[in-house]
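First the structure, in the form of structure tokens, and then the observations on it.
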Amino acid sequence: MDSVVSLHDVVRTYIMGDNEVRALRGVSFDISQGEFVSIMGPSGSGKSTCMNMIGCLDRPTSGIVKINGKETAKMSEKELSVLRNQTIGFVFQQYHLISSMNVIENVMLPLKYQKVDRNSRHEKALAALESVGLAERIHHKPHELSGGQKQRVAIARAMVTQPKILLADEPTGALDTETGKQVMEMFRKINKEQNTTIIIVTHDPRIGESTERCIRILDGQIVTE
Ligand SMILES: Nc1ncnc2c1ncn2[C@@H]1O[C@H](COP(=O)(O)OP(=O)(O)OP(=O)(O)O)[C@@H](O)[C@H]1O
Ligand SMILES: [Mg+2]
């Protein structure tokens, strides 16, 4: 099977004055199209640094990161942003919805950057909102939704461009256990129905145990799978 994400001996060092912080110390793994994976580790272990590599938001100090077969270190900022826009959907702990826009406008936004015309933007956003069970909330503003609903809007927004990879950093971190489970179910459904590769970053062992595959990270190194 083809890897959509491939990290080989990835090192990321931050320079802080005279100190070096070694956030990733030689991380290697491959993720295939359609996998449902969690990256789990305690605070400060390097999860977000790892996620930034996969999300093409950062490049390694050394080692090789390939996303969809392309090596990110060799790409310009512009090429990286194109790869990001076409290949990856992002979901964050704090939803990051735009508060002045209603639900459907939020979901339509990524399509605007792809220069999709208004009618198809509306159609696609509505379909994405239907698939997360929020078709009857499209005119609500984010503050008129529950936490779980906000996260489902964020998932619809991440999915609306049909990215190959969905990256989520602590997507259930702000939710109670039951709502968190529903959000995980939503990811599972998208993974099954659309064969989207889903990568969830978490410190929560219950989330780690609920995914097909769990990559454990500690002090910038993979410990076990
Ligand atoms: N921009 C930065 N500059 C300097 N050091 C950094 C930077 N970003 C992260 N670090 C350091 O790298 C290490 C890994 O950080 P990272 O954010 O990847 O951890 P994390 O696993 O996501 O933690 P958390 O669960 O708290 O979000 C930490 O020691 C952190 O202090
Ligand atoms: Mg983090």
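Identifiers for the structure tokens are assigned positionally: chains receive A, B, ... in sequence, residues are indexed from 1 per chain, and ligands are indexed from 1 in the order shown.
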Compile a residue-level contact table for chain A against ligand 1 at a cut-off of 12 Å, reporting for every qualifying residue the shortest atom pair and its distance in Å to one decimal, with only C-alpha atoms and all ligand atoms counted, rows ordered by chain and ascending number, as CSV.
residue,atom,partner,partner_atom_place_in_ligand_line,distance
A:Val11,CA,ligand 1,12 (O),11.2
A:Arg12,CA,ligand 1,12 (O),8.5
A:Thr13,CA,ligand 1,5 (N),7.9
A:Tyr14,CA,ligand 1,4 (C),4.9
A:Ile15,CA,ligand 1,4 (C),6.6
A:Met16,CA,ligand 1,4 (C),6.2
A:Gly17,CA,ligand 1,4 (C),9.9
A:Asp18,CA,ligand 1,4 (C),11.9
A:Asn19,CA,ligand 1,4 (C),9.5
A:Glu20,CA,ligand 1,5 (N),8.3
A:Val21,CA,ligand 1,5 (N),5.7
A:Arg22,CA,ligand 1,12 (O),6.5
A:Ala23,CA,ligand 1,12 (O),4.0
A:Leu24,CA,ligand 1,14 (C),7.3
A:Arg25,CA,ligand 1,13 (C),10.5
A:Ile39,CA,ligand 1,21 (O),9.4
A:Met40,CA,ligand 1,21 (O),8.2
A:Gly41,CA,ligand 1,21 (O),6.2
A:Pro42,CA,ligand 1,25 (O),5.6
A:Ser43,CA,ligand 1,25 (O),3.4
A:Gly44,CA,ligand 1,19 (O),3.5
A:Ser45,CA,ligand 1,21 (O),3.9
A:Gly46,CA,ligand 1,18 (O),3.1
A:Lys47,CA,ligand 1,21 (O),3.7
A:Ser48,CA,ligand 1,22 (O),3.6
A:Thr49,CA,ligand 1,18 (O),3.8
A:Cys50,CA,ligand 1,18 (O),6.4
A:Met51,CA,ligand 1,18 (O),7.9
A:Asn52,CA,ligand 1,18 (O),8.4
A:Met53,CA,ligand 1,18 (O),10.2
A:Leu57,CA,ligand 1,1 (N),11.9
A:Asp58,CA,ligand 1,1 (N),10.2
A:Phe92,CA,ligand 1,27 (O),11.5
A:Gln93,CA,ligand 1,27 (O),10.4
A:Ala168,CA,ligand 1,22 (O),11.9
A:Asp169,CA,ligand 1,27 (O),8.4
A:Glu170,CA,ligand 1,27 (O),8.4
A:Pro171,CA,ligand 1,27 (O),12.0
A:Gly173,CA,ligand 1,25 (O),10.4
A:Ile200,CA,ligand 1,22 (O),11.9
A:Val201,CA,ligand 1,22 (O),8.2
A:Thr202,CA,ligand 1,25 (O),7.2
A:His203,CA,ligand 1,25 (O),6.1
A:Asp204,CA,ligand 1,25 (O),9.7
A:Arg216,CA,ligand 1,21 (O),10.6
A:Ile217,CA,ligand 1,21 (O),8.1
A:Leu218,CA,ligand 1,21 (O),8.2
A:Asp219,CA,ligand 1,14 (C),7.7
A:Gly220,CA,ligand 1,14 (C),7.0
A:Gln221,CA,ligand 1,14 (C),10.6
A:Ile222,CA,ligand 1,21 (O),11.9
Next item on the list: Please run DSSP on the backbone and report, as number ranges by chain, all residues within range 62-141 of chain A that come out as helix (DSSP H, G or I).
Entry: A: 72-74, 77-87, 103-113, 118-131, 135-137
Notebook entry, point to check: Got a sec: who's within 10 Å of range 95-102 of chain A, counting only C-alpha atoms, leaving out chain neighbours fewer than 5 positions off, as a PyMOL selection string?
Noted result: chain A and resi 90+107+109+137-144+147-155+157+171+174
Mind dumping the selected residues with N, CA and C atoms as an mmCIF file, in the first residue's frame?
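Written output follows (part-v1.cif):
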data_model
loop_
_atom_site.group_PDB
_atom_site.id
_atom_site.type_symbol
_atom_site.label_atom_id
_atom_site.label_comp_id
_atom_site.auth_asym_id
_atom_site.auth_seq_id
_atom_site.Cartn_x
_atom_site.Cartn_y
_atom_site.Cartn_z
ATOM 1 N N PHE A 90 -7.765 20.235 8.718
ATOM 2 C CA PHE A 90 -7.333 20.395 10.114
ATOM 3 C C PHE A 90 -8.525 20.554 11.063
ATOM 4 N N VAL A 107 -18.262 26.672 6.809
ATOM 5 C CA VAL A 107 -17.926 25.447 6.072
ATOM 6 C C VAL A 107 -17.610 25.736 4.601
ATOM 7 N N LEU A 109 -16.021 28.344 3.533
ATOM 8 C CA LEU A 109 -14.789 29.138 3.419
ATOM 9 C C LEU A 109 -13.601 28.451 2.710
ATOM 10 N N ARG A 137 -28.943 23.295 11.312
ATOM 11 C CA ARG A 137 -28.309 24.357 12.118
ATOM 12 C C ARG A 137 -27.495 25.319 11.255
ATOM 13 N N ILE A 138 -27.733 25.309 9.947
ATOM 14 C CA ILE A 138 -26.803 26.024 9.068
ATOM 15 C C ILE A 138 -26.789 27.538 9.244
ATOM 16 N N HIS A 139 -27.884 28.105 9.767
ATOM 17 C CA HIS A 139 -27.908 29.562 9.939
ATOM 18 C C HIS A 139 -27.531 30.009 11.346
ATOM 19 N N HIS A 140 -27.163 29.054 12.196
ATOM 20 C CA HIS A 140 -26.728 29.427 13.548
ATOM 21 C C HIS A 140 -25.322 30.009 13.512
ATOM 22 N N LYS A 141 -25.060 30.876 14.468
ATOM 23 C CA LYS A 141 -23.694 31.368 14.667
ATOM 24 C C LYS A 141 -23.002 30.406 15.639
ATOM 25 N N PRO A 142 -21.663 30.331 15.597
ATOM 26 C CA PRO A 142 -20.960 29.405 16.487
ATOM 27 C C PRO A 142 -21.384 29.508 17.959
ATOM 28 N N HIS A 143 -21.619 30.749 18.468
ATOM 29 C CA HIS A 143 -21.959 30.870 19.891
ATOM 30 C C HIS A 143 -23.348 30.311 20.215
ATOM 31 N N GLU A 144 -24.116 29.987 19.177
ATOM 32 C CA GLU A 144 -25.440 29.402 19.411
ATOM 33 C C GLU A 144 -25.408 27.873 19.348
ATOM 34 N N GLY A 147 -20.620 22.635 22.403
ATOM 35 C CA GLY A 147 -19.237 22.302 22.073
ATOM 36 C C GLY A 147 -19.147 21.191 21.027
ATOM 37 N N GLY A 148 -19.943 20.141 21.230
ATOM 38 C CA GLY A 148 -19.926 19.014 20.291
ATOM 39 C C GLY A 148 -20.384 19.436 18.904
ATOM 40 N N GLN A 149 -21.404 20.302 18.869
ATOM 41 C CA GLN A 149 -21.889 20.792 17.570
ATOM 42 C C GLN A 149 -20.819 21.639 16.885
ATOM 43 N N LYS A 150 -20.147 22.485 17.674
ATOM 44 C CA LYS A 150 -19.071 23.308 17.092
ATOM 45 C C LYS A 150 -17.984 22.413 16.488
ATOM 46 N N GLN A 151 -17.652 21.351 17.213
ATOM 47 C CA GLN A 151 -16.606 20.484 16.694
ATOM 48 C C GLN A 151 -17.072 19.763 15.426
ATOM 49 N N ARG A 152 -18.371 19.436 15.355
ATOM 50 C CA ARG A 152 -18.876 18.797 14.134
ATOM 51 C C ARG A 152 -18.853 19.788 12.959
ATOM 52 N N VAL A 153 -19.108 21.058 13.218
ATOM 53 C CA VAL A 153 -18.990 22.074 12.164
ATOM 54 C C VAL A 153 -17.523 22.136 11.694
ATOM 55 N N ALA A 154 -16.611 22.116 12.671
ATOM 56 C CA ALA A 154 -15.179 22.165 12.333
ATOM 57 C C ALA A 154 -14.781 20.948 11.499
ATOM 58 N N ILE A 155 -15.361 19.797 11.808
ATOM 59 C CA ILE A 155 -15.070 18.581 11.035
ATOM 60 C C ILE A 155 -15.644 18.725 9.619
ATOM 61 N N ARG A 157 -16.095 21.481 8.023
ATOM 62 C CA ARG A 157 -15.237 22.446 7.323
ATOM 63 C C ARG A 157 -13.933 21.783 6.856
ATOM 64 N N PRO A 171 -8.905 16.742 19.469
ATOM 65 C CA PRO A 171 -10.229 17.192 19.033
ATOM 66 C C PRO A 171 -11.320 17.018 20.093
ATOM 67 N N ALA A 174 -11.756 19.577 24.650
ATOM 68 C CA ALA A 174 -12.619 20.560 25.306
ATOM 69 C C ALA A 174 -14.016 20.004 25.559
#
Margin query: Give me, as a PyMOL selection string, all polymer residues having an atom no more than 10 Å from range 206-211 of chain A, counting only C-alpha atoms and skipping those fewer than 6 positions away in the same chain.
Written below: chain A and resi 35-41+170+172+177+180-181+184+188+198-200
Check: Leaving out Ser81 in chain A and any residue of its chain fewer than 5 positions from it, which residues lie within 12 Å of it when counting only C-alpha atoms, given as a list in words?
Finding: Gly55, Cys56, Leu57, Asp58, Thr72, Met75, Ser76, Gln86, Thr87, Ile88, Tyr113 and Gln114 of chain A
